$ cat input_21.pdb   # PDB, C-alpha atoms and all ligand atoms
ATOM      1  CA  MET A   1       0.275  15.923   9.585
ATOM      2  CA  LYS A   2       2.078  12.642   9.849
ATOM      3  CA  LEU A   3       0.003  10.338  12.042
ATOM      4  CA  ALA A   4       1.464   7.186  13.528
ATOM      5  CA  THR A   5       0.437   4.297  15.753
ATOM      6  CA  PHE A   6       3.161   3.571  18.275
ATOM      7  CA  ASP A   7       3.933   1.687  21.464
ATOM      8  CA  THR A   8       6.372   2.364  24.273
ATOM      9  CA  GLY A   9       5.372  -0.748  26.238
ATOM     10  CA  VAL A  10       2.023   0.420  27.593
ATOM     11  CA  GLY A  11      -0.225  -0.331  24.628
ATOM     12  CA  LEU A  12      -0.946   1.199  21.253
ATOM     13  CA  ARG A  13      -1.386   4.970  20.999
ATOM     14  CA  THR A  14      -1.681   7.519  18.247
ATOM     15  CA  GLY A  15       0.870  10.234  17.718
ATOM     16  CA  ALA A  16       1.973  12.967  15.365
ATOM     17  CA  VAL A  17       5.462  12.720  13.898
ATOM     18  CA  VAL A  18       7.394  15.998  14.167
ATOM     19  CA  GLY A  19      10.955  15.833  12.874
ATOM     20  CA  ASP A  20      12.596  12.830  14.529
ATOM     21  CA  GLY A  21      10.148  12.897  17.423
ATOM     22  CA  ILE A  22       6.569  11.974  18.180
ATOM     23  CA  VAL A  23       3.881  13.962  19.995
ATOM     24  CA  ASP A  24       1.616  11.628  21.976
ATOM     25  CA  LEU A  25      -1.947  12.438  20.880
ATOM     26  CA  THR A  26      -3.543   9.814  23.110
ATOM     27  CA  ALA A  27      -1.951  11.475  26.162
ATOM     28  CA  ALA A  28      -3.800  14.638  25.100
ATOM     29  CA  GLY A  29      -7.129  12.816  25.165
ATOM     30  CA  LEU A  30      -7.353  11.863  21.504
ATOM     31  CA  PRO A  31      -8.297   8.289  20.490
ATOM     32  CA  SER A  32      -5.729   5.533  20.908
ATOM     33  CA  ARG A  33      -7.131   3.718  17.868
ATOM     34  CA  MET A  34      -6.218   5.384  14.564
ATOM     35  CA  ILE A  35      -9.434   4.165  12.982
ATOM     36  CA  ASP A  36     -11.392   6.148  15.607
ATOM     37  CA  LEU A  37      -9.225   9.237  15.083
ATOM     38  CA  ILE A  38      -9.836   9.051  11.318
ATOM     39  CA  ALA A  39     -13.573   8.462  11.647
ATOM     40  CA  ASP A  40     -13.971  11.498  13.920
ATOM     41  CA  TRP A  41     -11.309  13.675  12.243
ATOM     42  CA  SER A  42     -13.670  16.483  11.236
ATOM     43  CA  ARG A  43     -14.314  17.066  14.949
ATOM     44  CA  LEU A  44     -10.831  16.181  16.282
ATOM     45  CA  GLU A  45      -8.479  17.765  13.737
ATOM     46  CA  ALA A  46      -8.368  21.151  15.457
ATOM     47  CA  LYS A  47      -7.480  19.555  18.804
ATOM     48  CA  ALA A  48      -4.821  17.387  17.172
ATOM     49  CA  ARG A  49      -3.224  20.394  15.484
ATOM     50  CA  ALA A  50      -3.358  22.483  18.670
ATOM     51  CA  THR A  51      -1.732  19.617  20.593
ATOM     52  CA  VAL A  52       1.114  19.440  18.096
ATOM     53  CA  ASP A  53       1.620  23.196  18.281
ATOM     54  CA  ALA A  54       1.663  23.211  22.089
ATOM     55  CA  THR A  55       3.633  20.050  22.867
ATOM     56  CA  LYS A  56       7.291  19.165  22.533
ATOM     57  CA  PRO A  57       7.684  15.594  21.260
ATOM     58  CA  GLN A  58       7.730  13.274  24.276
ATOM     59  CA  PHE A  59       9.644  10.541  22.437
ATOM     60  CA  LYS A  60      12.246  10.134  19.748
ATOM     61  CA  LEU A  61      11.050   7.904  16.927
ATOM     62  CA  SER A  62      14.031   5.672  17.733
ATOM     63  CA  GLN A  63      12.606   5.108  21.248
ATOM     64  CA  VAL A  64       9.204   3.792  20.166
ATOM     65  CA  HIS A  65       7.930   0.790  18.231
ATOM     66  CA  LEU A  66       6.056   2.082  15.224
ATOM     67  CA  HIS A  67       3.144  -0.158  14.311
ATOM     68  CA  THR A  68       1.237  -0.062  11.078
ATOM     69  CA  PRO A  69      -0.852   3.119  11.318
ATOM     70  CA  VAL A  70      -4.224   1.315  11.128
ATOM     71  CA  PRO A  71      -3.746  -2.096  12.798
ATOM     72  CA  ASP A  72      -7.366  -3.109  12.247
ATOM     73  CA  PRO A  73      -8.617  -1.917   8.850
ATOM     74  CA  GLN A  74     -11.994  -3.255   7.772
ATOM     75  CA  LYS A  75     -10.838  -3.638   4.172
ATOM     76  CA  ILE A  76      -7.560  -3.715   2.246
ATOM     77  CA  LEU A  77      -8.190  -3.529  -1.490
ATOM     78  CA  ALA A  78      -5.453  -3.802  -4.094
ATOM     79  CA  ILE A  79      -5.382  -3.229  -7.839
ATOM     80  CA  GLY A  80      -3.307  -5.387 -10.181
ATOM     81  CA  LEU A  81      -1.498  -4.471 -13.425
ATOM     82  CA  ASN A  82      -1.689  -0.710 -13.018
ATOM     83  CA  TYR A  83       1.659   0.630 -14.343
ATOM     84  CA  ALA A  84       2.481   0.142 -18.046
ATOM     85  CA  ASP A  85       6.012  -1.171 -17.405
ATOM     86  CA  HIS A  86       4.730  -3.723 -14.868
ATOM     87  CA  ILE A  87       1.998  -4.842 -17.297
ATOM     88  CA  ALA A  88       4.671  -5.327 -19.980
ATOM     89  CA  GLU A  89       7.055  -7.264 -17.710
ATOM     90  CA  SER A  90       4.140  -9.478 -16.644
ATOM     91  CA  GLY A  91       3.448 -10.340 -20.295
ATOM     92  CA  GLN A  92      -0.143  -9.130 -20.012
ATOM     93  CA  ALA A  93      -2.358  -6.872 -22.110
ATOM     94  CA  ARG A  94      -3.286  -3.489 -20.662
ATOM     95  CA  PRO A  95      -6.556  -4.222 -18.830
ATOM     96  CA  ASP A  96      -9.782  -2.493 -19.928
ATOM     97  CA  LYS A  97     -11.260  -2.895 -16.449
ATOM     98  CA  GLN A  98      -9.630  -2.405 -13.077
ATOM     99  CA  ILE A  99      -8.413  -5.746 -11.655
ATOM    100  CA  TRP A 100      -9.161  -5.943  -7.940
ATOM    101  CA  PHE A 101      -8.217  -8.380  -5.224
ATOM    102  CA  SER A 102      -7.930  -8.009  -1.484
ATOM    103  CA  LYS A 103      -5.178  -8.421   1.022
ATOM    104  CA  LEU A 104      -6.832  -9.685   4.186
ATOM    105  CA  PRO A 105      -6.319  -7.806   7.474
ATOM    106  CA  ASN A 106      -4.207 -10.611   9.028
ATOM    107  CA  ALA A 107      -1.459  -9.496   6.635
ATOM    108  CA  VAL A 108      -0.898  -5.972   8.002
ATOM    109  CA  ASN A 109       2.609  -5.418   9.322
ATOM    110  CA  GLY A 110       4.565  -2.564  10.864
ATOM    111  CA  PRO A 111       6.885  -0.399   8.784
ATOM    112  CA  TYR A 112      10.125  -1.811  10.196
ATOM    113  CA  ASP A 113       8.915  -5.229  11.359
ATOM    114  CA  PRO A 114      10.326  -8.416   9.784
ATOM    115  CA  ILE A 115       8.443  -9.909   6.839
ATOM    116  CA  GLU A 116       7.893 -13.642   6.964
ATOM    117  CA  LEU A 117       9.304 -16.075   4.420
ATOM    118  CA  PRO A 118       6.617 -18.758   4.830
ATOM    119  CA  LYS A 119       7.345 -22.469   5.002
ATOM    120  CA  ALA A 120       4.905 -22.965   2.134
ATOM    121  CA  SER A 121       6.921 -21.159  -0.557
ATOM    122  CA  SER A 122      10.291 -19.853  -1.664
ATOM    123  CA  ALA A 123       8.872 -17.427  -4.283
ATOM    124  CA  ILE A 124       8.380 -14.296  -2.180
ATOM    125  CA  ASP A 125       8.419 -10.943  -3.963
ATOM    126  CA  TYR A 126       8.101  -7.230  -3.157
ATOM    127  CA  GLU A 127       5.843  -4.604  -4.779
ATOM    128  CA  ALA A 128       6.277  -0.913  -3.875
ATOM    129  CA  GLU A 129       2.877   0.812  -3.808
ATOM    130  CA  LEU A 130       1.247   4.067  -2.848
ATOM    131  CA  VAL A 131      -1.508   3.290  -0.316
ATOM    132  CA  VAL A 132      -4.614   5.464  -0.034
ATOM    133  CA  VAL A 133      -6.285   5.737   3.377
ATOM    134  CA  ILE A 134     -10.017   6.427   3.202
ATOM    135  CA  GLY A 135     -11.284   9.106   5.583
ATOM    136  CA  LYS A 136     -15.052   8.980   5.314
ATOM    137  CA  ARG A 137     -17.807   6.425   5.061
ATOM    138  CA  CYS A 138     -18.857   6.799   1.430
ATOM    139  CA  ARG A 139     -20.657   5.191  -1.502
ATOM    140  CA  HIS A 140     -21.061   6.244  -5.145
ATOM    141  CA  VAL A 141     -18.252   8.785  -5.084
ATOM    142  CA  SER A 142     -17.663  10.450  -8.456
ATOM    143  CA  LYS A 143     -14.134  10.797  -9.770
ATOM    144  CA  ALA A 144     -14.496  14.569  -9.323
ATOM    145  CA  ASP A 145     -15.388  14.139  -5.640
ATOM    146  CA  ALA A 146     -12.982  11.315  -4.831
ATOM    147  CA  ALA A 147     -10.293  13.534  -3.283
ATOM    148  CA  SER A 148     -12.806  14.586  -0.625
ATOM    149  CA  VAL A 149     -12.971  11.069   0.870
ATOM    150  CA  VAL A 150      -9.191  10.587   1.101
ATOM    151  CA  PHE A 151      -7.735  10.958   4.593
ATOM    152  CA  GLY A 152      -4.136  10.532   3.559
ATOM    153  CA  TYR A 153      -1.455   8.355   2.047
ATOM    154  CA  ALA A 154       1.149   5.835   3.154
ATOM    155  CA  ALA A 155       3.767   3.598   1.600
ATOM    156  CA  GLY A 156       2.963  -0.078   1.157
ATOM    157  CA  ASN A 157       4.635  -3.302   0.155
ATOM    158  CA  ASP A 158       2.248  -5.690  -1.609
ATOM    159  CA  VAL A 159       4.335  -8.711  -0.660
ATOM    160  CA  SER A 160       3.382 -11.551  -2.992
ATOM    161  CA  VAL A 161       3.837 -15.313  -2.831
ATOM    162  CA  ARG A 162       4.140 -15.847  -6.557
ATOM    163  CA  ASP A 163       3.539 -19.582  -6.813
ATOM    164  CA  TRP A 164       0.497 -19.369  -4.548
ATOM    165  CA  GLN A 165      -0.716 -16.226  -6.345
ATOM    166  CA  PHE A 166      -0.983 -18.233  -9.557
ATOM    167  CA  HIS A 167      -2.212 -21.558  -8.151
ATOM    168  CA  THR A 168      -5.628 -20.351  -9.309
ATOM    169  CA  ALA A 169      -7.097 -17.347 -11.117
ATOM    170  CA  GLN A 170      -7.935 -15.713  -7.754
ATOM    171  CA  TRP A 171      -4.933 -14.020  -6.133
ATOM    172  CA  VAL A 172      -6.279 -13.427  -2.642
ATOM    173  CA  VAL A 173      -4.508 -16.254  -0.785
ATOM    174  CA  GLY A 174      -1.117 -15.621  -2.395
ATOM    175  CA  LYS A 175      -1.454 -11.943  -1.482
ATOM    176  CA  SER A 176      -2.616 -12.442   2.116
ATOM    177  CA  PHE A 177       0.049 -14.421   3.967
ATOM    178  CA  ASP A 178       0.737 -13.160   7.506
ATOM    179  CA  THR A 179       2.970 -10.015   7.564
ATOM    180  CA  HIS A 180       2.623  -9.510   3.798
ATOM    181  CA  ALA A 181       0.941  -6.092   3.939
ATOM    182  CA  PRO A 182       3.485  -3.697   5.488
ATOM    183  CA  ILE A 183       1.968  -0.191   5.492
ATOM    184  CA  GLY A 184       3.397   3.038   6.904
ATOM    185  CA  PRO A 185       5.617   4.304   8.352
ATOM    186  CA  TRP A 186       2.741   6.703   9.154
ATOM    187  CA  ILE A 187      -0.188   8.301   7.336
ATOM    188  CA  VAL A 188       0.563  11.656   5.725
ATOM    189  CA  THR A 189      -2.665  13.646   5.535
ATOM    190  CA  TRP A 190      -3.834  14.655   2.057
ATOM    191  CA  ASP A 191      -3.072  18.363   2.567
ATOM    192  CA  GLU A 192       0.685  17.621   2.906
ATOM    193  CA  ILE A 193       0.753  15.454  -0.229
ATOM    194  CA  GLY A 194      -0.967  17.731  -2.699
ATOM    195  CA  ASP A 195      -1.142  15.877  -6.020
ATOM    196  CA  PRO A 196      -0.899  12.122  -5.305
ATOM    197  CA  HIS A 197       0.028  11.544  -8.944
ATOM    198  CA  ALA A 198       3.447  13.215  -8.767
ATOM    199  CA  LEU A 199       5.338  11.083  -6.233
ATOM    200  CA  GLY A 200       8.561   9.206  -6.835
ATOM    201  CA  ILE A 201       8.222   5.559  -5.766
ATOM    202  CA  ARG A 202      11.120   3.148  -5.295
ATOM    203  CA  ALA A 203      11.970  -0.335  -4.028
ATOM    204  CA  LEU A 204      15.474  -1.323  -2.978
ATOM    205  CA  VAL A 205      16.690  -4.793  -2.014
ATOM    206  CA  ASN A 206      19.925  -4.774   0.014
ATOM    207  CA  GLY A 207      20.517  -1.249  -1.295
ATOM    208  CA  GLU A 208      20.075  -2.195  -4.975
ATOM    209  CA  MET A 209      17.391  -0.162  -6.765
ATOM    210  CA  ARG A 210      14.814  -2.569  -8.198
ATOM    211  CA  GLN A 211      11.822  -0.289  -8.826
ATOM    212  CA  ASN A 212      12.095   3.428  -9.618
ATOM    213  CA  SER A 213       9.008   5.142 -10.989
ATOM    214  CA  ASN A 214       6.468   7.864 -10.297
ATOM    215  CA  THR A 215       2.785   7.722  -9.420
ATOM    216  CA  SER A 216       2.195   9.861 -12.527
ATOM    217  CA  ASN A 217       2.483   6.524 -14.364
ATOM    218  CA  LEU A 218      -0.612   4.920 -12.800
ATOM    219  CA  VAL A 219      -2.953   3.532 -15.481
ATOM    220  CA  PHE A 220      -6.089   3.952 -13.343
ATOM    221  CA  ASN A 221      -5.327   6.808 -10.984
ATOM    222  CA  VAL A 222      -6.275   7.131  -7.316
ATOM    223  CA  PHE A 223      -9.568   8.863  -8.062
ATOM    224  CA  ASP A 224     -10.540   6.401 -10.836
ATOM    225  CA  GLN A 225     -10.014   3.646  -8.276
ATOM    226  CA  ILE A 226     -12.194   5.217  -5.568
ATOM    227  CA  ALA A 227     -14.965   5.980  -8.079
ATOM    228  CA  TYR A 228     -14.960   2.397  -9.363
ATOM    229  CA  LEU A 229     -14.851   0.641  -5.984
ATOM    230  CA  SER A 230     -17.460   2.870  -4.387
ATOM    231  CA  GLN A 231     -20.020   1.886  -7.013
ATOM    232  CA  ALA A 232     -19.865  -1.581  -5.476
ATOM    233  CA  MET A 233     -19.183  -1.124  -1.794
ATOM    234  CA  THR A 234     -19.333   1.318   1.069
ATOM    235  CA  LEU A 235     -15.815   2.490   1.840
ATOM    236  CA  MET A 236     -15.072   3.085   5.520
ATOM    237  CA  PRO A 237     -12.650   5.246   7.512
ATOM    238  CA  GLY A 238      -9.318   3.447   7.689
ATOM    239  CA  ASP A 239      -9.918   1.305   4.608
ATOM    240  CA  MET A 240      -6.695   0.891   2.632
ATOM    241  CA  ILE A 241      -6.241   0.870  -1.128
ATOM    242  CA  PHE A 242      -2.998  -0.453  -2.646
ATOM    243  CA  THR A 243      -2.756   1.422  -5.941
ATOM    244  CA  GLY A 244      -0.483  -0.849  -7.986
ATOM    245  CA  THR A 245       3.223  -1.416  -8.479
ATOM    246  CA  PRO A 246       5.649  -0.263 -11.184
ATOM    247  CA  GLY A 247       7.978  -2.480 -13.182
ATOM    248  CA  GLY A 248      10.986  -4.114 -11.572
ATOM    249  CA  VAL A 249       9.549  -6.911  -9.434
ATOM    250  CA  GLY A 250      11.767  -9.912  -8.701
ATOM    251  CA  MET A 251       9.468 -12.288 -10.606
ATOM    252  CA  ALA A 252      10.237 -10.457 -13.865
ATOM    253  CA  MET A 253      14.036 -10.499 -13.492
ATOM    254  CA  LYS A 254      15.982 -12.845 -15.766
ATOM    255  CA  PRO A 255      16.348 -15.238 -14.038
ATOM    256  CA  PRO A 256      13.634 -14.484 -11.454
ATOM    257  CA  SER A 257      15.069 -13.331  -8.125
ATOM    258  CA  PHE A 258      13.015 -13.941  -5.008
ATOM    259  CA  LEU A 259      13.641 -12.701  -1.482
ATOM    260  CA  LYS A 260      15.855 -14.667   0.912
ATOM    261  CA  ALA A 261      16.289 -14.682   4.696
ATOM    262  CA  GLY A 262      18.264 -11.627   5.782
ATOM    263  CA  ASP A 263      17.413  -9.539   2.701
ATOM    264  CA  VAL A 264      16.502  -5.942   3.534
ATOM    265  CA  VAL A 265      13.594  -4.538   1.515
ATOM    266  CA  ARG A 266      13.132  -0.783   1.472
ATOM    267  CA  ILE A 267      10.089   0.949  -0.064
ATOM    268  CA  GLU A 268      10.337   4.739  -0.483
ATOM    269  CA  ILE A 269       7.724   7.262  -1.600
ATOM    270  CA  ASP A 270       8.383  10.990  -1.921
ATOM    271  CA  LYS A 271       6.718  13.185   0.749
ATOM    272  CA  ILE A 272       5.804  10.064   2.788
ATOM    273  CA  GLY A 273       8.921   8.200   3.893
ATOM    274  CA  ALA A 274      10.188   4.641   3.842
ATOM    275  CA  LEU A 275       9.378   1.140   5.008
ATOM    276  CA  GLU A 276      12.386  -1.026   5.744
ATOM    277  CA  ALA A 277      12.105  -4.687   6.669
ATOM    278  CA  THR A 278      14.325  -7.721   7.018
ATOM    279  CA  MET A 279      13.070 -10.985   5.558
ATOM    280  CA  ARG A 280      12.822 -13.694   8.217
ATOM    281  CA  GLN A 281      12.121 -17.403   7.802
ATOM    282  CA  GLU A 282       8.874 -18.585   9.408
ATOM    283  CA  LYS A 283       9.679 -20.598  12.542
TER     284      LYS A 283
HETATM  285 MN    MN B 301       0.338  -5.108  -6.180
END
$ encode --input "input_21.pdb" --output "structure tokens" --more "lines below"
Ligand code: MN
Amino acid sequence: MKLATFDTGVGLRTGAVVGDGIVDLTAAGLPSRMIDLIADWSRLEAKARATVDATKPQFKLSQVHLHTPVPDPQKILAIGLNYADHIAESGQARPDKQIWFSKLPNAVNGPYDPIELPKASSAIDYEAELVVVIGKRCRHVSKADAASVVFGYAAGNDVSVRDWQFHTAQWVVGKSFDTHAPIGPWIVTWDEIGDPHALGIRALVNGEMRQNSNTSNLVFNVFDQIAYLSQAMTLMPGDMIFTGTPGGVGMAMKPPSFLKAGDVVRIEIDKIGALEATMRQEK
């Protein structure tokens, strides 16, 4: 299923995307908060699927405002330097250990909503990433069991304020400006994705292909990442994991090319869909 959070003017609801339409799951008595739907999915999945089978989409996607699927995640974790070509363009050595930072929840943004060019910087960059959505409260998950805690996948843009990112050794502030974690356009449940390490992933700026890779090129794969993180912390339903970006970021272009007001940034992942946002100067 493709599960979305949407609004038609009466508050956030959850829905299932079917073709170019959306079936209102909240109208059928399912939770309006995606995080609640995910947490209770083992009990609610059958009702959600029956609702989709029995209901014609009430809305066209073009008639609703799609929000980020989980507006209120407890955690957004992100791995750095996790595709060989991005490691090379960054002038770094291939890391022995996974490099983790977080994007704070203030940064989440809808799939088609504008991304802010902050007053504080003019070095704003895109990073196309596969995002994992955790489905179950879990700790100490082995690599072999990691697929069992995945609810689904989405596309993400790890928008990065490059000068702020490198003010200090810690990246969290430069990675957590408001609107700098677009995720969506919906969550595709794991059963529709199959192997998460066989997905084409692309970033386009004003129609020009900047990143064009495949999740088969991840250094630490999705299940390595869950196994590592869950040794340290309890992962929760709705937690998001940004799994790294391939080569082709603006910072590595010669000369570097950062995003400007009016630029349109599109992130595409096979089997999931696309984010598309216009860059807008902070007022
Ligand atoms: Mn990243």
$ residues_around --input "input_21.pdb" --residues "Ala28 (chain A)" --least-positions-apart "5" --cutoff "12 Å" --atoms "all atoms listed in the file" --output "number ranges by chain"
A: 13-16, 23, 44, 47-52, 54-55, 58
$ closest_residue --input "input_21.pdb" --among "A:Gly174, A:Gly273, A:Gly91, A:Pro57" --to "Tyr153 (chain A)" --atoms "all atoms listed in the file"
A:Gly273
$ axis_aligned_box --input "input_21.pdb" --around "region 215-224 of chain A" --padding-each-side "4 Å" --output "JSON"
{"center_x": -3.9, "center_y": 6.7, "center_z": -11.4, "size_x": 21.3, "size_y": 14.3, "size_z": 16.2}
$ residues_near_ligand --input "input_21.pdb" --ligand "ligand MN 301 (chain B)" --cutoff "7 Å" --atoms "all atoms listed in the file" --output "JSON, numbers by chain"
{"A": [78, 79, 80, 127, 129, 158, 242, 244, 245]}
$ write_last_selection --input "input_21.pdb" --atoms "C-alpha atoms" --output "short mmCIF file (atom, residue, chain, number, x, y, z; two decimals), in the frame of the given file"
data_model
loop_
_atom_site.label_atom_id
_atom_site.label_comp_id
_atom_site.auth_asym_id
_atom_site.auth_seq_id
_atom_site.Cartn_x
_atom_site.Cartn_y
_atom_site.Cartn_z
CA ALA A 78 -5.45 -3.80 -4.09
CA ILE A 79 -5.38 -3.23 -7.84
CA GLY A 80 -3.31 -5.39 -10.18
CA GLU A 127 5.84 -4.60 -4.78
CA GLU A 129 2.88 0.81 -3.81
CA ASP A 158 2.25 -5.69 -1.61
CA PHE A 242 -3.00 -0.45 -2.65
CA GLY A 244 -0.48 -0.85 -7.99
CA THR A 245 3.22 -1.42 -8.48
#
$ resolve_selection --input "input_21.pdb" --expression "the PyMOL selection byres (((chain A and resi 146) around 12) and not hetatm)" --output "PDB file with C-alpha atoms, in the coordinates of the input"
ATOM      1  CA  VAL A 132      -4.614   5.464  -0.034  1.00  0.00           C
ATOM      2  CA  VAL A 133      -6.285   5.737   3.377  1.00  0.00           C
ATOM      3  CA  ILE A 134     -10.017   6.427   3.202  1.00  0.00           C
ATOM      4  CA  GLY A 135     -11.284   9.106   5.583  1.00  0.00           C
ATOM      5  CA  LYS A 136     -15.052   8.980   5.314  1.00  0.00           C
ATOM      6  CA  CYS A 138     -18.857   6.799   1.430  1.00  0.00           C
ATOM      7  CA  ARG A 139     -20.657   5.191  -1.502  1.00  0.00           C
ATOM      8  CA  HIS A 140     -21.061   6.244  -5.145  1.00  0.00           C
ATOM      9  CA  VAL A 141     -18.252   8.785  -5.084  1.00  0.00           C
ATOM     10  CA  SER A 142     -17.663  10.450  -8.456  1.00  0.00           C
ATOM     11  CA  LYS A 143     -14.134  10.797  -9.770  1.00  0.00           C
ATOM     12  CA  ALA A 144     -14.496  14.569  -9.323  1.00  0.00           C
ATOM     13  CA  ASP A 145     -15.388  14.139  -5.640  1.00  0.00           C
ATOM     14  CA  ALA A 147     -10.293  13.534  -3.283  1.00  0.00           C
ATOM     15  CA  SER A 148     -12.806  14.586  -0.625  1.00  0.00           C
ATOM     16  CA  VAL A 149     -12.971  11.069   0.870  1.00  0.00           C
ATOM     17  CA  VAL A 150      -9.191  10.587   1.101  1.00  0.00           C
ATOM     18  CA  PHE A 151      -7.735  10.958   4.593  1.00  0.00           C
ATOM     19  CA  TRP A 190      -3.834  14.655   2.057  1.00  0.00           C
ATOM     20  CA  ASN A 221      -5.327   6.808 -10.984  1.00  0.00           C
ATOM     21  CA  VAL A 222      -6.275   7.131  -7.316  1.00  0.00           C
ATOM     22  CA  PHE A 223      -9.568   8.863  -8.062  1.00  0.00           C
ATOM     23  CA  ASP A 224     -10.540   6.401 -10.836  1.00  0.00           C
ATOM     24  CA  GLN A 225     -10.014   3.646  -8.276  1.00  0.00           C
ATOM     25  CA  ILE A 226     -12.194   5.217  -5.568  1.00  0.00           C
ATOM     26  CA  ALA A 227     -14.965   5.980  -8.079  1.00  0.00           C
ATOM     27  CA  TYR A 228     -14.960   2.397  -9.363  1.00  0.00           C
ATOM     28  CA  LEU A 229     -14.851   0.641  -5.984  1.00  0.00           C
ATOM     29  CA  SER A 230     -17.460   2.870  -4.387  1.00  0.00           C
ATOM     30  CA  GLN A 231     -20.020   1.886  -7.013  1.00  0.00           C
ATOM     31  CA  LEU A 235     -15.815   2.490   1.840  1.00  0.00           C
TER      32      LEU A 235
END
$ residues_around --input "input_21.pdb" --residues "Lys175 (chain A)" --least-positions-apart "4" --cutoff "7 Å" --atoms "all atoms listed in the file" --output "MDAnalysis selection string"
chainID A and resid 103 159:161 165 171
$ atom_distance --input "input_21.pdb" --atom1 "CA of Val108 (chain A)" --atom2 "CA of Ala120 (chain A)"
18.9 Å
$ resolve_selection --input "input_21.pdb" --expression "the PyMOL selection byres (((chain A and resi 40) around 12) and not hetatm)" --output "ChimeraX atom specification"
/A:30-31,33-39,41-48,135-137,151,236-238
$ write_last_selection --input "input_21.pdb" --atoms "C-alpha atoms" --output "tab-separated table (two decimals), in the coordinates of the input"
chain	number	residue	atom	x	y	z
A	30	LEU	CA	-7.35	11.86	21.50
A	31	PRO	CA	-8.30	8.29	20.49
A	33	ARG	CA	-7.13	3.72	17.87
A	34	MET	CA	-6.22	5.38	14.56
A	35	ILE	CA	-9.43	4.16	12.98
A	36	ASP	CA	-11.39	6.15	15.61
A	37	LEU	CA	-9.22	9.24	15.08
A	38	ILE	CA	-9.84	9.05	11.32
A	39	ALA	CA	-13.57	8.46	11.65
A	41	TRP	CA	-11.31	13.68	12.24
A	42	SER	CA	-13.67	16.48	11.24
A	43	ARG	CA	-14.31	17.07	14.95
A	44	LEU	CA	-10.83	16.18	16.28
A	45	GLU	CA	-8.48	17.76	13.74
A	46	ALA	CA	-8.37	21.15	15.46
A	47	LYS	CA	-7.48	19.56	18.80
A	48	ALA	CA	-4.82	17.39	17.17
A	135	GLY	CA	-11.28	9.11	5.58
A	136	LYS	CA	-15.05	8.98	5.31
A	137	ARG	CA	-17.81	6.42	5.06
A	151	PHE	CA	-7.74	10.96	4.59
A	236	MET	CA	-15.07	3.08	5.52
A	237	PRO	CA	-12.65	5.25	7.51
A	238	GLY	CA	-9.32	3.45	7.69
$ closest_residue --input "input_21.pdb" --among "A:Ala181, A:Ala155, A:Ala203, A:Ile115" --to "Lys260 (chain A)" --atoms "only C-alpha atoms"
A:Ile115
$ closest_residue --input "input_21.pdb" --among "A:Val18, A:Pro182, A:Asn212, A:Lys254" --to "Glu116 (chain A)" --atoms "only C-alpha atoms"
A:Pro182
$ residues_around --input "input_21.pdb" --residues "Gly207 (chain A)" --least-positions-apart "2" --cutoff "10 Å" --atoms "all atoms listed in the file" --output "MDAnalysis selection string"
chainID A and resid 203:205 209:210 263:266
$ closest_residue --input "input_21.pdb" --among "A:Gln63, A:Ser32, A:Thr26, A:Asn106" --to "Val173 (chain A)" --atoms "only C-alpha atoms"
A:Asn106
$ closest_residue --input "input_21.pdb" --among "A:Val131, A:Leu61, A:Met253, A:Ile22" --to "Thr189 (chain A)" --atoms "all atoms listed in the file"
A:Val131
$ atom_distance --input "input_21.pdb" --atom1 "CA of His197 (chain A)" --atom2 "CA of Arg94 (chain A)"
19.3 Å
$ resolve_selection --input "input_21.pdb" --expression "the PyMOL selection byres (((chain A and resi 198) around 9) and not hetatm)" --output "list of chain:residue names"
A:Gly194, A:Asp195, A:Pro196, A:His197, A:Leu199, A:Gly200, A:Asn214, A:Thr215, A:Ser216, A:Asn217, A:Asp270
$ atom_distance --input "input_21.pdb" --atom1 "CA of Asp163 (chain A)" --atom2 "CA of Gly110 (chain A)"
24.6 Å
$ residues_around --input "input_21.pdb" --residues "region 67-70 of chain A" --least-positions-apart "5" --cutoff "6 Å" --atoms "all atoms listed in the file" --output "list of chain:residue names"
A:Ala4, A:Thr5, A:Phe6, A:Met34, A:Asn109, A:Gly110, A:Ile183, A:Gly184, A:Trp186
$ residues_around --input "input_21.pdb" --residues "Leu259 (chain A)" --least-positions-apart "4" --cutoff "10 Å" --atoms "all atoms listed in the file" --output "ChimeraX atom specification"
/A:117,122-126,205,250,263-265,278-280
$ closest_residue --input "input_21.pdb" --among "A:Pro71, A:Ala154, A:Val172, A:Thr179" --to "Ala107 (chain A)" --atoms "only C-alpha atoms"
A:Thr179
